[in-house]
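> Next up, query.pdb (PDB, C-alpha atoms).
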```
ATOM      1  CA  MET A  23      18.354  16.538  14.943
ATOM      2  CA  ASP A  24      16.438  13.266  14.684
ATOM      3  CA  GLN A  25      13.239  13.518  12.643
ATOM      4  CA  THR A  26      10.176  11.413  13.346
ATOM      5  CA  VAL A  27       7.710  10.548  10.609
ATOM      6  CA  HIS A  28       4.275   9.126  11.307
ATOM      7  CA  THR A  29       2.993   6.582   8.783
ATOM      8  CA  ARG A  30       0.105   4.178   9.233
ATOM      9  CA  GLY A  31       0.095   4.782  12.960
ATOM     10  CA  TYR A  32       3.780   3.943  13.443
ATOM     11  CA  ARG A  33       6.578   6.312  14.370
ATOM     12  CA  GLN A  34       9.709   5.906  12.333
ATOM     13  CA  ARG A  35      12.745   7.512  13.902
ATOM     14  CA  GLY A  36      15.549   8.777  11.734
ATOM     15  CA  LYS A  37      13.511   8.763   8.544
ATOM     16  CA  THR A  38      12.724  11.835   6.541
ATOM     17  CA  MET A  39       9.388  12.359   4.857
ATOM     18  CA  SER A  40      10.909  11.624   1.425
ATOM     19  CA  ASP A  41      12.215   8.269   2.723
ATOM     20  CA  SER A  42       8.728   7.454   3.913
ATOM     21  CA  VAL A  43       7.185   8.429   0.562
ATOM     22  CA  GLU A  44       9.716   6.289  -1.288
ATOM     23  CA  ASP A  45       8.990   3.323   1.011
ATOM     24  CA  LEU A  46       5.253   3.734   0.466
ATOM     25  CA  ARG A  47       5.715   3.902  -3.314
ATOM     26  CA  LYS A  48       7.791   0.713  -3.257
ATOM     27  CA  ARG A  49       5.121  -1.010  -1.175
ATOM     28  CA  LEU A  50       2.442   0.293  -3.548
ATOM     29  CA  ASN A  51       4.278  -1.223  -6.515
ATOM     30  CA  GLU A  52       4.511  -4.565  -4.673
ATOM     31  CA  ILE A  53       0.792  -4.510  -3.855
ATOM     32  CA  GLU A  54      -0.188  -3.618  -7.424
ATOM     33  CA  LYS A  55       1.948  -6.490  -8.711
ATOM     34  CA  LYS A  56       0.225  -8.884  -6.288
ATOM     35  CA  ILE A  57      -3.184  -7.576  -7.403
ATOM     36  CA  ARG A  58      -2.294  -8.337 -11.027
ATOM     37  CA  GLU A  59      -1.147 -11.834 -10.020
ATOM     38  CA  VAL A  60      -4.399 -12.542  -8.163
ATOM     39  CA  GLU A  61      -6.463 -11.204 -11.065
ATOM     40  CA  ALA A  62      -4.549 -13.473 -13.448
ATOM     41  CA  ARG A  63      -5.443 -16.491 -11.258
ATOM     42  CA  MET A  64      -9.135 -15.657 -11.285
ATOM     43  CA  PRO A  65     -11.295 -17.771 -13.575
ATOM     44  CA  ALA A  66     -13.787 -16.033 -15.837
ATOM     45  CA  HIS A  67     -16.683 -17.652 -13.949
ATOM     46  CA  SER A  68     -17.292 -19.006 -10.469
ATOM     47  CA  VAL A  69     -14.590 -17.147  -8.586
ATOM     48  CA  LYS A  70     -13.846 -18.794  -5.242
ATOM     49  CA  PRO A  71     -14.343 -16.708  -2.075
ATOM     50  CA  PRO A  72     -10.716 -17.035  -0.857
ATOM     51  CA  ILE A  73      -9.432 -15.477  -4.090
ATOM     52  CA  MET A  74     -11.932 -12.614  -3.845
ATOM     53  CA  HIS A  75     -11.018 -12.099  -0.184
ATOM     54  CA  GLU A  76      -7.316 -11.910  -1.073
ATOM     55  CA  LEU A  77      -8.050  -9.430  -3.863
ATOM     56  CA  PHE A  78     -10.184  -7.245  -1.577
ATOM     57  CA  GLU A  79      -7.485  -7.204   1.115
ATOM     58  CA  LEU A  80      -4.829  -6.176  -1.416
ATOM     59  CA  GLU A  81      -7.075  -3.475  -2.842
ATOM     60  CA  ASP A  82      -7.794  -2.153   0.668
ATOM     61  CA  GLU A  83      -4.068  -2.024   1.414
ATOM     62  CA  ARG A  84      -3.435  -0.245  -1.891
ATOM     63  CA  ASP A  85      -6.135   2.324  -1.086
ATOM     64  CA  SER A  86      -4.624   2.868   2.367
ATOM     65  CA  ILE A  87      -1.165   3.466   0.891
ATOM     66  CA  LEU A  88      -2.577   5.879  -1.693
ATOM     67  CA  ALA A  89      -4.362   7.824   1.067
ATOM     68  CA  GLU A  90      -1.148   7.961   3.128
ATOM     69  CA  LEU A  91       0.823   9.212   0.115
ATOM     70  CA  LYS A  92      -1.798  11.884  -0.509
ATOM     71  CA  LYS A  93      -1.629  12.948   3.145
ATOM     72  CA  LEU A  94       2.174  13.152   3.063
ATOM     73  CA  LYS A  95       2.124  15.164  -0.172
ATOM     74  CA  SER A  96      -0.306  17.677   1.290
ATOM     75  CA  ALA A  97       1.950  18.036   4.356
ATOM     76  CA  GLU A  98       4.956  19.051   2.233
TER      77      GLU A  98
END
```
What does the file become when written as structure tokens?


Amino acid sequence: MDQTVHTRGYRQRGKTMSDSVEDLRKRLNEIEKKIREVEARMPAHSVKPPIMHELFELEDERDSILAELKKLKSAE
């Protein structure tokens, strides 16, 4: 029987919940790496708005992934 998993508003056919969790964890690792890279580019003073915007977007995505992982764990 084909399983459907809902993540971030998208239906993924043929994926089990553990596949989805693994995908989210991989994406989370990628996002955290990008956050570290952006933070390393930030000067100590006078941070430019585009860098802060990029950091905020990455942090929002990270928070969204963490919330999705928490939701999937509670559904197990």

> Nearest to Glu79 in chain A: which of A:Lys48, A:Val43, A:Ala97, A:Ile53 is it, counting only C-alpha atoms?

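Between A:Lys48, A:Val43, A:Ala97, A:Ile53, the residue approaching Glu79 in chain A most closely is A:Ile53.
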
> What is the CA of Asp82 in chain A to CA of Glu98 in chain A distance in Å?

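It comes out at 24.8 Å.
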
> Could you list, as JSON, numbers by chain, every residue matched by the PyMOL selection byres ((chain A and resi 72-75) around 12) in this structure?

{"A": [56, 57, 59, 60, 61, 62, 63, 64, 65, 68, 69, 70, 71, 76, 77, 78, 79, 80, 81, 82]}

> Return as a PyMOL selection string the set of residues that the PyMOL selection byres ((chain A and resi 95) around 12) yields on the displayed structure.

chain A and resi 39-40+42-44+46+88-94+96-98
